[in-house]
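Below is structure.cif, which holds mmCIF, C-alpha atoms.
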```
data_data
#
loop_
_atom_site.label_atom_id
_atom_site.label_comp_id
_atom_site.auth_asym_id
_atom_site.auth_seq_id
_atom_site.Cartn_x
_atom_site.Cartn_y
_atom_site.Cartn_z
CA MET A 243 -24.31 8.45 11.97
CA PHE A 244 -21.93 7.15 14.59
CA ALA A 245 -22.78 7.80 18.19
CA LEU A 246 -19.10 8.34 18.94
CA PRO A 247 -16.08 8.92 16.69
CA ALA A 248 -13.30 6.37 16.51
CA GLN A 249 -10.71 6.95 19.19
CA ALA A 250 -7.73 8.18 17.20
CA PHE A 251 -4.29 6.78 17.88
CA ASP A 252 -2.13 9.59 19.22
CA THR A 253 1.21 8.69 17.68
CA GLN A 254 4.45 10.48 18.45
CA ALA A 255 5.83 9.57 15.03
CA ARG A 256 6.66 12.42 12.68
CA ALA A 257 4.56 10.69 10.02
CA ALA A 258 2.37 7.60 10.18
CA TYR A 259 0.05 5.50 8.05
CA VAL A 260 -2.05 2.53 9.15
CA MET A 261 -4.12 0.45 6.74
CA ASP A 262 -6.27 -2.62 7.20
CA GLN A 263 -5.12 -4.60 4.16
CA THR A 264 -8.07 -6.99 4.29
CA THR A 265 -10.65 -4.27 3.63
CA GLY A 266 -8.45 -1.46 2.31
CA THR A 267 -9.58 0.82 5.14
CA VAL A 268 -7.17 3.58 6.18
CA LEU A 269 -7.20 3.70 9.98
CA LEU A 270 -4.63 6.45 10.52
CA SER A 271 -2.94 9.00 8.28
CA LYS A 272 -0.53 11.62 9.61
CA ASP A 273 1.55 13.63 7.10
CA ALA A 274 1.31 10.46 5.03
CA ASP A 275 2.23 11.99 1.66
CA GLN A 276 5.14 14.12 2.85
CA PRO A 277 8.45 12.93 1.33
CA LEU A 278 10.88 12.12 4.15
CA PRO A 279 14.25 10.38 4.46
CA PRO A 280 13.31 6.68 4.71
CA ALA A 281 16.66 5.28 5.86
CA SER A 282 16.80 1.49 5.55
CA MET A 283 13.06 1.21 5.01
CA SER A 284 13.80 2.07 1.37
CA LYS A 285 15.59 -1.29 1.08
CA LEU A 286 12.09 -2.69 0.57
CA MET A 287 12.12 -1.22 -2.93
CA THR A 288 15.37 -3.01 -3.73
CA LEU A 289 13.79 -6.22 -2.48
CA PHE A 290 10.66 -5.65 -4.57
CA VAL A 291 12.72 -5.22 -7.74
CA ALA A 292 14.74 -8.34 -6.85
CA PHE A 293 11.57 -10.38 -6.29
CA GLU A 294 10.25 -9.25 -9.67
CA ALA A 295 13.51 -10.35 -11.29
CA LEU A 296 13.23 -13.76 -9.61
CA ARG A 297 9.63 -14.12 -10.77
CA ASP A 298 10.58 -13.19 -14.34
CA GLY A 299 13.59 -15.49 -14.47
CA ARG A 300 16.15 -12.68 -14.71
CA LEU A 301 17.65 -13.78 -11.39
CA GLU A 302 17.96 -17.16 -9.66
CA LEU A 303 18.02 -17.87 -5.93
CA ASN A 304 21.12 -20.07 -6.25
CA GLU A 305 22.91 -17.67 -8.57
CA GLU A 306 26.17 -16.32 -7.15
CA LEU A 307 26.88 -12.61 -7.59
CA PRO A 308 30.24 -10.82 -7.38
CA VAL A 309 30.95 -8.12 -4.80
CA SER A 310 32.37 -4.83 -6.05
CA GLU A 311 34.61 -2.39 -4.21
CA HIS A 312 31.72 0.07 -4.30
CA ALA A 313 29.52 -2.41 -2.42
CA THR A 314 32.13 -2.82 0.32
CA SER A 315 32.62 0.95 0.66
CA TYR A 316 29.38 1.48 2.59
CA LYS A 317 29.50 1.78 6.35
CA GLY A 318 26.67 1.06 8.77
CA SER A 319 24.66 -2.17 8.70
CA SER A 320 26.53 -4.80 6.75
CA MET A 321 26.96 -8.43 5.76
CA PHE A 322 30.71 -7.70 5.91
CA LEU A 323 31.27 -8.81 2.34
CA ASN A 324 34.61 -8.49 0.55
CA THR A 325 35.61 -8.38 -3.11
CA GLN A 326 36.71 -12.03 -3.01
CA ASP A 327 33.15 -13.15 -2.27
CA ARG A 328 30.59 -14.54 -4.66
CA VAL A 329 27.30 -14.63 -2.75
CA ARG A 330 24.11 -16.57 -3.44
CA VAL A 331 21.09 -14.37 -4.20
CA GLU A 332 19.11 -16.08 -1.46
CA ASP A 333 21.79 -15.18 1.09
CA LEU A 334 21.82 -11.60 -0.15
CA LEU A 335 18.05 -11.34 0.29
CA ARG A 336 18.33 -12.61 3.86
CA GLY A 337 21.24 -10.28 4.40
CA ILE A 338 19.08 -7.33 3.40
CA ILE A 339 15.97 -8.38 5.35
CA VAL A 340 17.49 -9.71 8.56
CA LEU A 341 20.85 -7.94 8.72
CA SER A 342 19.87 -4.76 6.83
CA GLY A 343 23.07 -5.11 4.81
CA ASN A 344 23.94 -1.97 2.87
CA ASP A 345 26.55 -3.93 0.94
CA ALA A 346 24.07 -6.68 0.02
CA CYS A 347 21.73 -4.09 -1.50
CA VAL A 348 24.49 -2.79 -3.77
CA VAL A 349 25.38 -6.30 -4.97
CA ILE A 350 21.75 -6.84 -6.00
CA ALA A 351 21.53 -3.34 -7.45
CA GLU A 352 24.60 -3.68 -9.66
CA ALA A 353 23.40 -7.07 -10.93
CA LEU A 354 19.99 -5.71 -11.98
CA SER A 355 20.90 -2.14 -12.94
CA PRO A 356 20.28 -1.16 -16.59
CA ASP A 357 23.83 0.23 -16.75
CA GLY A 358 25.54 -1.89 -14.10
CA THR A 359 25.77 0.92 -11.56
CA GLU A 360 23.97 1.55 -8.29
CA ALA A 361 22.99 5.01 -9.54
CA GLY A 362 21.37 3.46 -12.60
CA PHE A 363 19.48 1.03 -10.37
CA ALA A 364 18.27 3.92 -8.21
CA ARG A 365 16.85 5.65 -11.28
CA PHE A 366 15.15 2.40 -12.28
CA MET A 367 13.65 2.07 -8.77
CA THR A 368 12.26 5.59 -8.99
CA GLN A 369 10.57 4.85 -12.31
CA ARG A 370 9.18 1.53 -11.06
CA ALA A 371 7.86 3.17 -7.91
CA GLN A 372 5.96 5.73 -9.97
CA GLN A 373 4.38 2.89 -11.95
CA LEU A 374 3.13 1.44 -8.66
CA GLY A 375 1.50 4.75 -7.71
CA MET A 376 4.27 5.76 -5.30
CA ASN A 377 4.28 9.40 -6.33
CA ASN A 378 6.33 10.77 -3.41
CA SER A 379 9.38 8.55 -3.73
CA ASN A 380 12.77 9.28 -5.23
CA PHE A 381 15.85 7.08 -4.84
CA ALA A 382 19.49 8.10 -4.91
CA ASN A 383 20.86 4.69 -3.88
CA SER A 384 19.74 1.12 -3.18
CA ASN A 385 19.96 1.03 0.61
CA GLY A 386 18.73 4.30 2.13
CA TRP A 387 22.15 5.71 2.97
CA PRO A 388 21.64 9.46 3.57
CA ALA A 389 21.77 11.30 0.23
CA ALA A 390 20.26 14.44 -1.21
CA GLY A 391 16.87 13.76 -2.77
CA HIS A 392 16.50 10.23 -1.38
CA MET A 393 12.92 10.42 -0.11
CA MET A 394 9.78 8.35 0.44
CA SER A 395 6.44 9.08 2.04
CA VAL A 396 4.95 6.70 4.62
CA HIS A 397 1.98 6.24 2.31
CA ASP A 398 4.32 5.08 -0.45
CA LEU A 399 6.00 2.68 1.94
CA ALA A 400 2.59 1.22 2.80
CA ILE A 401 1.79 0.78 -0.90
CA LEU A 402 5.11 -1.01 -1.31
CA ALA A 403 4.48 -3.25 1.70
CA ASP A 404 1.06 -4.15 0.31
CA HIS A 405 2.64 -5.24 -2.98
CA LEU A 406 5.38 -7.25 -1.26
CA ILE A 407 2.81 -9.17 0.78
CA SER A 408 0.27 -9.67 -2.01
CA ASP A 409 2.51 -10.16 -5.03
CA PHE A 410 5.22 -12.36 -3.52
CA PRO A 411 3.71 -14.75 -0.95
CA GLU A 412 6.50 -17.22 -1.69
CA TYR A 413 9.14 -14.77 -0.45
CA TYR A 414 7.24 -12.90 2.25
CA PRO A 415 8.07 -15.48 5.01
CA LEU A 416 11.67 -14.25 4.80
CA PHE A 417 10.58 -11.08 6.62
CA ALA A 418 9.63 -13.09 9.72
CA GLU A 419 13.06 -14.69 10.12
CA GLU A 420 14.58 -13.56 13.39
CA GLU A 421 18.16 -14.62 12.79
CA PHE A 422 20.57 -15.15 9.91
CA GLU A 423 24.23 -16.04 10.48
CA PHE A 424 26.04 -15.48 7.20
CA ASP A 425 29.22 -17.50 7.16
CA ASN A 426 29.54 -16.91 10.94
CA ARG A 427 31.33 -13.66 10.13
CA VAL A 428 29.87 -11.33 12.72
CA PRO A 429 27.69 -13.16 15.23
CA SER A 430 26.82 -9.85 16.91
CA ASN A 431 24.98 -8.76 13.73
CA SER A 432 22.77 -11.79 13.16
CA ARG A 433 19.43 -10.70 14.67
CA ASN A 434 16.46 -9.11 12.94
CA ARG A 435 15.91 -5.57 14.27
CA ASN A 436 12.10 -5.79 14.04
CA PRO A 437 11.01 -5.55 17.70
CA LEU A 438 7.58 -7.14 17.12
CA LEU A 439 8.50 -10.55 15.72
CA LYS A 440 8.74 -12.36 19.03
CA LEU A 441 5.78 -10.75 20.83
CA GLY A 442 3.12 -13.21 19.69
CA ILE A 443 0.85 -10.53 18.22
CA GLY A 444 0.89 -11.79 14.65
CA ALA A 445 3.72 -9.55 13.43
CA ASP A 446 5.64 -11.05 10.50
CA GLY A 447 7.47 -8.16 8.79
CA LEU A 448 8.82 -5.96 7.31
CA LYS A 449 11.71 -3.51 7.82
CA THR A 450 13.17 -1.09 10.35
CA GLY A 451 15.15 2.02 9.51
CA HIS A 452 17.32 4.58 11.27
CA THR A 453 19.59 7.47 10.46
CA GLN A 454 20.23 10.64 12.43
CA GLU A 455 18.22 12.66 9.91
CA ALA A 456 15.33 10.19 9.54
CA GLY A 457 15.01 9.12 13.17
CA TYR A 458 13.71 5.63 13.94
CA GLY A 459 11.10 4.08 11.69
CA LEU A 460 9.37 0.81 10.94
CA VAL A 461 7.33 -0.65 8.12
CA GLY A 462 5.35 -3.37 9.82
CA SER A 463 2.59 -5.87 9.26
CA ALA A 464 0.65 -8.22 11.48
CA GLN A 465 -2.08 -10.77 10.94
CA GLN A 466 -4.66 -11.88 13.48
CA GLY A 467 -7.35 -14.26 12.27
CA ASP A 468 -8.51 -13.20 8.82
CA ARG A 469 -7.36 -9.60 9.22
CA ARG A 470 -4.00 -8.13 8.25
CA VAL A 471 -2.78 -4.66 9.15
CA ILE A 472 0.03 -2.74 7.44
CA PHE A 473 1.57 0.25 9.21
CA VAL A 474 4.43 2.69 8.74
CA LEU A 475 5.96 4.87 11.44
CA SER A 476 8.71 7.40 10.76
CA GLY A 477 10.71 9.92 12.76
CA LEU A 478 10.58 8.45 16.27
CA ASP A 479 13.30 9.43 18.70
CA SER A 480 14.61 6.10 19.99
CA VAL A 481 14.68 2.33 19.54
CA ALA A 482 12.52 1.95 22.63
CA ARG A 483 9.94 4.47 21.41
CA ARG A 484 9.77 2.71 18.04
CA ALA A 485 9.08 -0.62 19.71
CA GLU A 486 6.43 0.83 22.02
CA GLU A 487 4.62 2.74 19.26
CA ALA A 488 4.66 -0.22 16.87
CA GLU A 489 3.20 -2.62 19.43
CA ALA A 490 0.58 -0.06 20.44
CA VAL A 491 -0.45 0.52 16.80
CA VAL A 492 -0.96 -3.21 16.24
CA ASN A 493 -3.04 -3.63 19.39
CA TRP A 494 -5.12 -0.51 18.62
CA SER A 495 -5.77 -1.61 15.04
CA PHE A 496 -7.11 -5.03 15.99
CA ARG A 497 -9.00 -4.13 19.17
CA ASN A 498 -10.80 -0.95 18.16
CA PHE A 499 -12.26 -1.88 14.78
CA VAL A 500 -14.63 -4.54 13.51
CA GLU A 501 -15.58 -5.71 10.03
CA ARG A 502 -19.12 -4.94 8.88
CA GLN A 503 -20.78 -5.81 5.60
CA LEU A 504 -22.52 -2.77 4.18
CA ALA A 505 -23.76 -4.20 0.89
CA GLU A 506 -23.89 -7.48 -1.02
CA ALA A 507 -22.49 -8.03 -4.47
CA GLU A 508 -25.02 -7.55 -7.26
CA LYS A 509 -27.68 -6.28 -4.84
CA PRO A 510 -29.07 -2.84 -5.87
CA ILE A 511 -28.33 0.02 -3.49
CA GLY A 512 -29.53 2.91 -5.67
CA GLN A 513 -30.35 4.08 -9.19
CA ALA A 514 -28.84 6.37 -11.79
CA ASP A 515 -30.79 8.41 -14.32
CA ILE A 516 -30.37 7.48 -17.99
CA TRP A 517 -30.55 9.89 -20.94
CA MET A 518 -32.13 8.72 -24.21
CA GLY A 519 -32.19 5.04 -23.28
CA THR A 520 -34.77 2.29 -23.42
CA SER A 521 -35.06 2.78 -19.64
CA LYS A 522 -35.03 6.02 -17.66
CA THR A 523 -32.98 4.53 -14.82
CA VAL A 524 -30.55 1.73 -14.10
CA ASP A 525 -29.91 -0.05 -10.79
CA LEU A 526 -26.51 0.46 -9.19
CA VAL A 527 -24.78 -2.49 -7.53
CA PRO A 528 -21.34 -3.20 -6.04
CA HIS A 529 -19.48 -5.81 -8.09
CA GLU A 530 -18.36 -7.53 -4.88
CA ASP A 531 -19.43 -7.68 -1.26
CA LEU A 532 -18.78 -4.33 0.38
CA THR A 533 -17.13 -5.00 3.72
CA LEU A 534 -15.55 -2.18 5.69
CA LEU A 535 -13.68 -1.87 8.93
CA LEU A 536 -15.51 0.42 11.30
CA PRO A 537 -14.96 1.57 14.88
CA VAL A 538 -16.21 -0.82 17.55
CA LEU A 539 -17.99 2.06 19.32
CA GLY A 540 -19.82 3.17 16.21
CA ASP A 541 -23.50 2.72 15.45
CA LYS A 542 -24.44 0.34 12.64
CA ASN A 543 -25.65 3.26 10.52
CA VAL A 544 -23.04 4.87 8.27
CA GLU A 545 -23.39 8.09 6.29
CA ALA A 546 -22.94 7.45 2.57
CA GLU A 547 -23.98 8.91 -0.76
CA ILE A 548 -23.99 7.81 -4.40
CA VAL A 549 -22.24 10.17 -6.79
CA TYR A 550 -22.11 10.12 -10.58
CA ASP A 551 -21.99 12.56 -13.48
CA GLY A 552 -25.53 12.29 -14.81
CA PRO A 553 -27.86 11.79 -16.35
CA LEU A 554 -25.85 9.05 -18.04
CA GLU A 555 -26.19 8.75 -21.79
CA ALA A 556 -27.24 5.37 -23.19
CA PRO A 557 -26.05 2.86 -24.13
CA ILE A 558 -24.91 1.47 -20.77
CA ALA A 559 -23.38 -2.02 -20.52
CA LYS A 560 -24.12 -4.42 -17.69
CA GLY A 561 -21.19 -4.31 -15.26
CA GLN A 562 -20.00 -0.91 -16.51
CA GLU A 563 -18.59 1.26 -13.73
CA ILE A 564 -20.82 4.35 -13.72
CA ALA A 565 -20.93 5.66 -10.15
CA GLU A 566 -19.20 5.70 -6.77
CA LEU A 567 -20.43 5.02 -3.29
CA VAL A 568 -18.84 7.61 -0.99
CA ILE A 569 -18.81 6.37 2.60
CA LYS A 570 -18.10 8.77 5.44
CA PRO A 571 -17.43 6.86 8.66
CA ASP A 572 -17.04 9.20 11.60
CA GLY A 573 -13.42 9.50 12.67
CA LEU A 574 -11.98 7.79 9.58
CA PRO A 575 -10.98 9.04 6.13
CA GLU A 576 -13.63 9.06 3.40
CA ILE A 577 -13.94 5.73 1.57
CA ARG A 578 -14.91 5.40 -2.10
CA ARG A 579 -16.07 2.21 -3.78
CA PRO A 580 -17.16 1.77 -7.42
CA LEU A 581 -20.73 0.95 -8.40
CA VAL A 582 -21.66 -0.75 -11.67
CA ALA A 583 -24.77 -1.05 -13.80
CA ALA A 584 -26.95 -4.02 -12.82
CA GLU A 585 -28.20 -4.45 -16.38
CA SER A 586 -27.62 -3.13 -19.86
CA VAL A 587 -29.61 -0.16 -21.16
CA GLU A 588 -29.75 0.19 -24.92
CA LYS A 589 -29.92 3.48 -26.76
CA GLY A 590 -33.52 4.48 -27.40
CA GLY A 591 -34.98 4.50 -30.91
CA PHE A 592 -36.18 7.52 -32.86
CA PHE A 593 -39.50 7.71 -31.01
CA VAL A 594 -37.80 7.62 -27.59
CA ARG A 595 -35.36 10.37 -28.59
CA ILE A 596 -38.17 12.56 -29.96
CA MET A 597 -40.20 12.09 -26.79
CA THR A 598 -37.18 12.86 -24.60
CA VAL A 599 -36.31 16.04 -26.47
CA GLY A 600 -39.97 16.98 -26.72
CA GLY A 601 -40.37 16.59 -23.00
CA ILE A 602 -37.47 18.93 -22.33
CA VAL A 603 -38.82 21.55 -24.77
CA ALA A 604 -42.30 21.31 -23.23
CA LYS A 605 -40.88 21.81 -19.73
CA ASP A 606 -38.86 24.79 -20.92
CA VAL A 607 -41.88 26.42 -22.58
CA ILE A 608 -44.16 25.81 -19.64
CA GLY A 609 -41.54 27.03 -17.22
CA ASN A 610 -41.04 30.36 -18.98
CA PRO A 611 -43.45 33.24 -18.25
CA LEU A 612 -45.36 34.85 -21.14
CA GLY A 613 -43.22 37.24 -23.13
CA ALA A 614 -40.01 35.61 -22.02
CA MET A 615 -39.72 33.44 -25.12
#
```
Structure re-expressed in structure tokens:
Amino acid sequence: MFALPAQAFDTQARAAYVMDQTTGTVLLSKDADQPLPPASMSKLMTLFVAFEALRDGRLELNEELPVSEHATSYKGSSMFLNTQDRVRVEDLLRGIIVLSGNDACVVIAEALSPDGTEAGFARFMTQRAQQLGMNNSNFANSNGWPAAGHMMSVHDLAILADHLISDFPEYYPLFAEEEFEFDNRVPSNSRNRNPLLKLGIGADGLKTGHTQEAGYGLVGSAQQGDRRVIFVLSGLDSVARRAEEAEAVVNWSFRNFVERQLAEAEKPIGQADIWMGTSKTVDLVPHEDLTLLLPVLGDKNVEAEIVYDGPLEAPIAKGQEIAELVIKPDGLPEIRRPLVAAESVEKGGFFVRIMTVGGIVAKDVIGNPLGAM
């Protein structure tokens, strides 16, 4: 057991989620699955769908898209597009990421929508989010403009950030761009609103958000050495508070935790009982090195247990996932990792089955007092 619990980060955000992407360890979770207005942070879903379209060849970076009157009708953050424009997809992506352009989101949305409308694209985003395991997200538009039912949880935003970083490394550098001057239209709206990009702490994304209802939020990520942290903060009360909290989260995440290897791939860490097999037990092994992020102040010993629904009935195939290792680091959420069979166990022959059943009957008879049968 740990000598001391991890020192929790006392965030003032309404909801927060911090994950070490390298190990999958959740470092902080506060009201993480509560659906909340995400403001412009929901633009990340529009970007994800656009990146998928680029990957699949349904969209091209140099393709020029028309601008509808509906796209120009949005207020707030903007690329200041007009209906005479035809805008390159690459410029629209930068307009969304750097300038947080509401109009740019609609141009992308109408181009990719199943029915050509922003509403149709919002329905598509909701369905795609559910496929990604984002179960507390519902979209009413493409840009996060306040609307009834437009909600995301901070956990869902972290899942989305993880996919953007992992699935689209060719496009992720766009999130670190600090400035984008589109056609020199509005020089005052050319700077990225992410307050962490120029601090030298490894921050390289992703998206800020603000509305009166949602407060100030940020989906962020930072990399230092081999470690990457993803974090989401929502519901802060000012730009300054958002910047302070975000920087503090990054520093806390990297300074207060250390990677430790708990088990090696293919090395047995326990056994499971087998029913009617050629062997009575099978070794349990992780299929890959088990490395976790643990508090710096913690002891090297970690409480853990192996759980499975047993005894397991043969046959069992080598590499078959048959158990879980449940790790309970003090001060952090429970962590579960799969365990697999180290070798195959064939189904026992007739003699083995007779002996197994006979052994159970014998135990039952012996265990019952006289007259109870």
Would you translate the PyMOL selection byres ((chain A and resi 330-334) around 12) into the concrete set of residues it matches in this file, as a PDB file with C-alpha atoms, in the frame of the given file?
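Writing the result to part.pdb gives the following:
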```
ATOM      1  CA  THR A 288      15.370  -3.010  -3.730  1.00  0.00           C
ATOM      2  CA  LEU A 289      13.790  -6.220  -2.480  1.00  0.00           C
ATOM      3  CA  ALA A 292      14.740  -8.340  -6.850  1.00  0.00           C
ATOM      4  CA  PHE A 293      11.570 -10.380  -6.290  1.00  0.00           C
ATOM      5  CA  ALA A 295      13.510 -10.350 -11.290  1.00  0.00           C
ATOM      6  CA  LEU A 296      13.230 -13.760  -9.610  1.00  0.00           C
ATOM      7  CA  ARG A 300      16.150 -12.680 -14.710  1.00  0.00           C
ATOM      8  CA  LEU A 301      17.650 -13.780 -11.390  1.00  0.00           C
ATOM      9  CA  GLU A 302      17.960 -17.160  -9.660  1.00  0.00           C
ATOM     10  CA  LEU A 303      18.020 -17.870  -5.930  1.00  0.00           C
ATOM     11  CA  ASN A 304      21.120 -20.070  -6.250  1.00  0.00           C
ATOM     12  CA  GLU A 305      22.910 -17.670  -8.570  1.00  0.00           C
ATOM     13  CA  GLU A 306      26.170 -16.320  -7.150  1.00  0.00           C
ATOM     14  CA  LEU A 307      26.880 -12.610  -7.590  1.00  0.00           C
ATOM     15  CA  PRO A 308      30.240 -10.820  -7.380  1.00  0.00           C
ATOM     16  CA  VAL A 309      30.950  -8.120  -4.800  1.00  0.00           C
ATOM     17  CA  SER A 320      26.530  -4.800   6.750  1.00  0.00           C
ATOM     18  CA  MET A 321      26.960  -8.430   5.760  1.00  0.00           C
ATOM     19  CA  PHE A 322      30.710  -7.700   5.910  1.00  0.00           C
ATOM     20  CA  LEU A 323      31.270  -8.810   2.340  1.00  0.00           C
ATOM     21  CA  ASP A 327      33.150 -13.150  -2.270  1.00  0.00           C
ATOM     22  CA  ARG A 328      30.590 -14.540  -4.660  1.00  0.00           C
ATOM     23  CA  VAL A 329      27.300 -14.630  -2.750  1.00  0.00           C
ATOM     24  CA  LEU A 335      18.050 -11.340   0.290  1.00  0.00           C
ATOM     25  CA  ARG A 336      18.330 -12.610   3.860  1.00  0.00           C
ATOM     26  CA  GLY A 337      21.240 -10.280   4.400  1.00  0.00           C
ATOM     27  CA  ILE A 338      19.080  -7.330   3.400  1.00  0.00           C
ATOM     28  CA  ILE A 339      15.970  -8.380   5.350  1.00  0.00           C
ATOM     29  CA  VAL A 340      17.490  -9.710   8.560  1.00  0.00           C
ATOM     30  CA  LEU A 341      20.850  -7.940   8.720  1.00  0.00           C
ATOM     31  CA  SER A 342      19.870  -4.760   6.830  1.00  0.00           C
ATOM     32  CA  GLY A 343      23.070  -5.110   4.810  1.00  0.00           C
ATOM     33  CA  ASN A 344      23.940  -1.970   2.870  1.00  0.00           C
ATOM     34  CA  ASP A 345      26.550  -3.930   0.940  1.00  0.00           C
ATOM     35  CA  ALA A 346      24.070  -6.680   0.020  1.00  0.00           C
ATOM     36  CA  CYS A 347      21.730  -4.090  -1.500  1.00  0.00           C
ATOM     37  CA  VAL A 348      24.490  -2.790  -3.770  1.00  0.00           C
ATOM     38  CA  VAL A 349      25.380  -6.300  -4.970  1.00  0.00           C
ATOM     39  CA  ILE A 350      21.750  -6.840  -6.000  1.00  0.00           C
ATOM     40  CA  ALA A 351      21.530  -3.340  -7.450  1.00  0.00           C
ATOM     41  CA  ALA A 353      23.400  -7.070 -10.930  1.00  0.00           C
ATOM     42  CA  LEU A 354      19.990  -5.710 -11.980  1.00  0.00           C
ATOM     43  CA  TYR A 413       9.140 -14.770  -0.450  1.00  0.00           C
ATOM     44  CA  LEU A 416      11.670 -14.250   4.800  1.00  0.00           C
ATOM     45  CA  PHE A 422      20.570 -15.150   9.910  1.00  0.00           C
ATOM     46  CA  GLU A 423      24.230 -16.040  10.480  1.00  0.00           C
ATOM     47  CA  PHE A 424      26.040 -15.480   7.200  1.00  0.00           C
ATOM     48  CA  ASP A 425      29.220 -17.500   7.160  1.00  0.00           C
TER      49      ASP A 425
END
```
Shell around Asp479 in chain A at 10 Å using all atoms listed in the file, local window under 6 positions removed, as a VMD selection string: chain A and resid 254 to 256 452 454 456 to 459
The PyMOL selection byres ((chain A and resi 465-469) around 7) - which residues does that actually catch in the file I just gave you? List them as a CSV table (one decimal) with C-alpha atoms, keeping the file's coordinate frame.
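Saved to expr-v8.csv:
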```csv
chain,number,residue,atom,x,y,z
A,264,THR,CA,-8.1,-7.0,4.3
A,444,GLY,CA,0.9,-11.8,14.6
A,445,ALA,CA,3.7,-9.6,13.4
A,463,SER,CA,2.6,-5.9,9.3
A,464,ALA,CA,0.6,-8.2,11.5
A,470,ARG,CA,-4.0,-8.1,8.2
A,471,VAL,CA,-2.8,-4.7,9.2
```
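For the set A:Leu554, A:Pro388, A:Ser319, A:Pro411, the residue with the smallest atom-to-atom gap to Ser432 in chain A is A:Ser319, counting only C-alpha atoms.
Nearest residue to Tyr550 in chain A among A:Gln513, A:Ser282, A:Asn378, A:Gln373 is A:Gln513, counting all atoms listed in the file.
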Explicit residues for the PyMOL selection byres ((chain A and resi 517) around 10) (as an MDAnalysis selection string): chainID A and resid 514:516 518:523 552:557 589:590 595 598
As a PDB file with C-alpha atoms, keeping the file's coordinate frame, please: the residues near Arg370 in chain A (cut-off 10 Å, all atoms listed in the file, same-chain neighbours under 4 positions excluded).
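Full text of selection.pdb as output:
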```pdb
ATOM      1  CA  MET A 287      12.120  -1.220  -2.930  1.00  0.00           C
ATOM      2  CA  PHE A 290      10.660  -5.650  -4.570  1.00  0.00           C
ATOM      3  CA  VAL A 291      12.720  -5.220  -7.740  1.00  0.00           C
ATOM      4  CA  ALA A 364      18.270   3.920  -8.210  1.00  0.00           C
ATOM      5  CA  ARG A 365      16.850   5.650 -11.280  1.00  0.00           C
ATOM      6  CA  PHE A 366      15.150   2.400 -12.280  1.00  0.00           C
ATOM      7  CA  LEU A 374       3.130   1.440  -8.660  1.00  0.00           C
ATOM      8  CA  GLY A 375       1.500   4.750  -7.710  1.00  0.00           C
ATOM      9  CA  MET A 376       4.270   5.760  -5.300  1.00  0.00           C
TER      10      MET A 376
END
```
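Compared by their closest atoms to Thr359 in chain A, and using only C-alpha atoms, the residues A:Thr533, A:Ser310, A:Asn426, A:Asn498 rank with A:Ser310 nearest.
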Output, as JSON, the centre and edge lengths in Å (one decimal) of the axis-aligned box that contains all listed atoms of range 261-278 of chain A with 3 Å of margin on each side.
```
{"center_x": 0.1, "center_y": 3.6, "center_z": 5.9, "size_x": 27.5, "size_y": 27.1, "size_z": 15.2}
```
Nearest candidate to His392 in chain A (options A:Val481, A:Val428, A:Pro279, A:Thr325; using only C-alpha atoms): A:Pro279
d(CA of Glu501 in chain A, CA of Phe251 in chain A) in Å: 18.6 Å
Which residue of A:Glu545, A:Glu489, A:Glu585, A:Glu455 approaches Glu508 in chain A most closely, using only C-alpha atoms: A:Glu585
d(CA of Ser395 in chain A, CA of Gly447 in chain A) in Å: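 Distance reported for this atom pair: 18.5 Å.
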When you get a chance, write out N, CA, C and O atoms for range 521-527 of chain A, as a CSV table (one decimal), keeping the file's coordinate frame.
```csv
chain,number,residue,atom,x,y,z
A,521,SER,N,-34.6,2.6,-21.0
A,521,SER,CA,-35.1,2.8,-19.6
A,521,SER,C,-34.6,4.1,-19.1
A,521,SER,O,-33.5,4.6,-19.5
A,522,LYS,N,-35.4,4.7,-18.2
A,522,LYS,CA,-35.0,6.0,-17.7
A,522,LYS,C,-34.0,5.9,-16.5
A,522,LYS,O,-33.4,6.9,-16.1
A,523,THR,N,-33.9,4.7,-15.9
A,523,THR,CA,-33.0,4.5,-14.8
A,523,THR,C,-32.3,3.2,-14.9
A,523,THR,O,-32.7,2.3,-15.7
A,524,VAL,N,-31.2,3.0,-14.2
A,524,VAL,CA,-30.6,1.7,-14.1
A,524,VAL,C,-30.2,1.5,-12.6
A,524,VAL,O,-29.8,2.5,-11.9
A,525,ASP,N,-30.3,0.3,-12.2
A,525,ASP,CA,-29.9,0.0,-10.8
A,525,ASP,C,-28.4,0.0,-10.7
A,525,ASP,O,-27.7,-0.4,-11.6
A,526,LEU,N,-27.9,0.4,-9.5
A,526,LEU,CA,-26.5,0.5,-9.2
A,526,LEU,C,-26.2,-0.6,-8.2
A,526,LEU,O,-26.9,-0.7,-7.1
A,527,VAL,N,-25.1,-1.4,-8.4
A,527,VAL,CA,-24.8,-2.5,-7.5
A,527,VAL,C,-23.3,-2.5,-7.3
A,527,VAL,O,-22.5,-2.1,-8.2
```
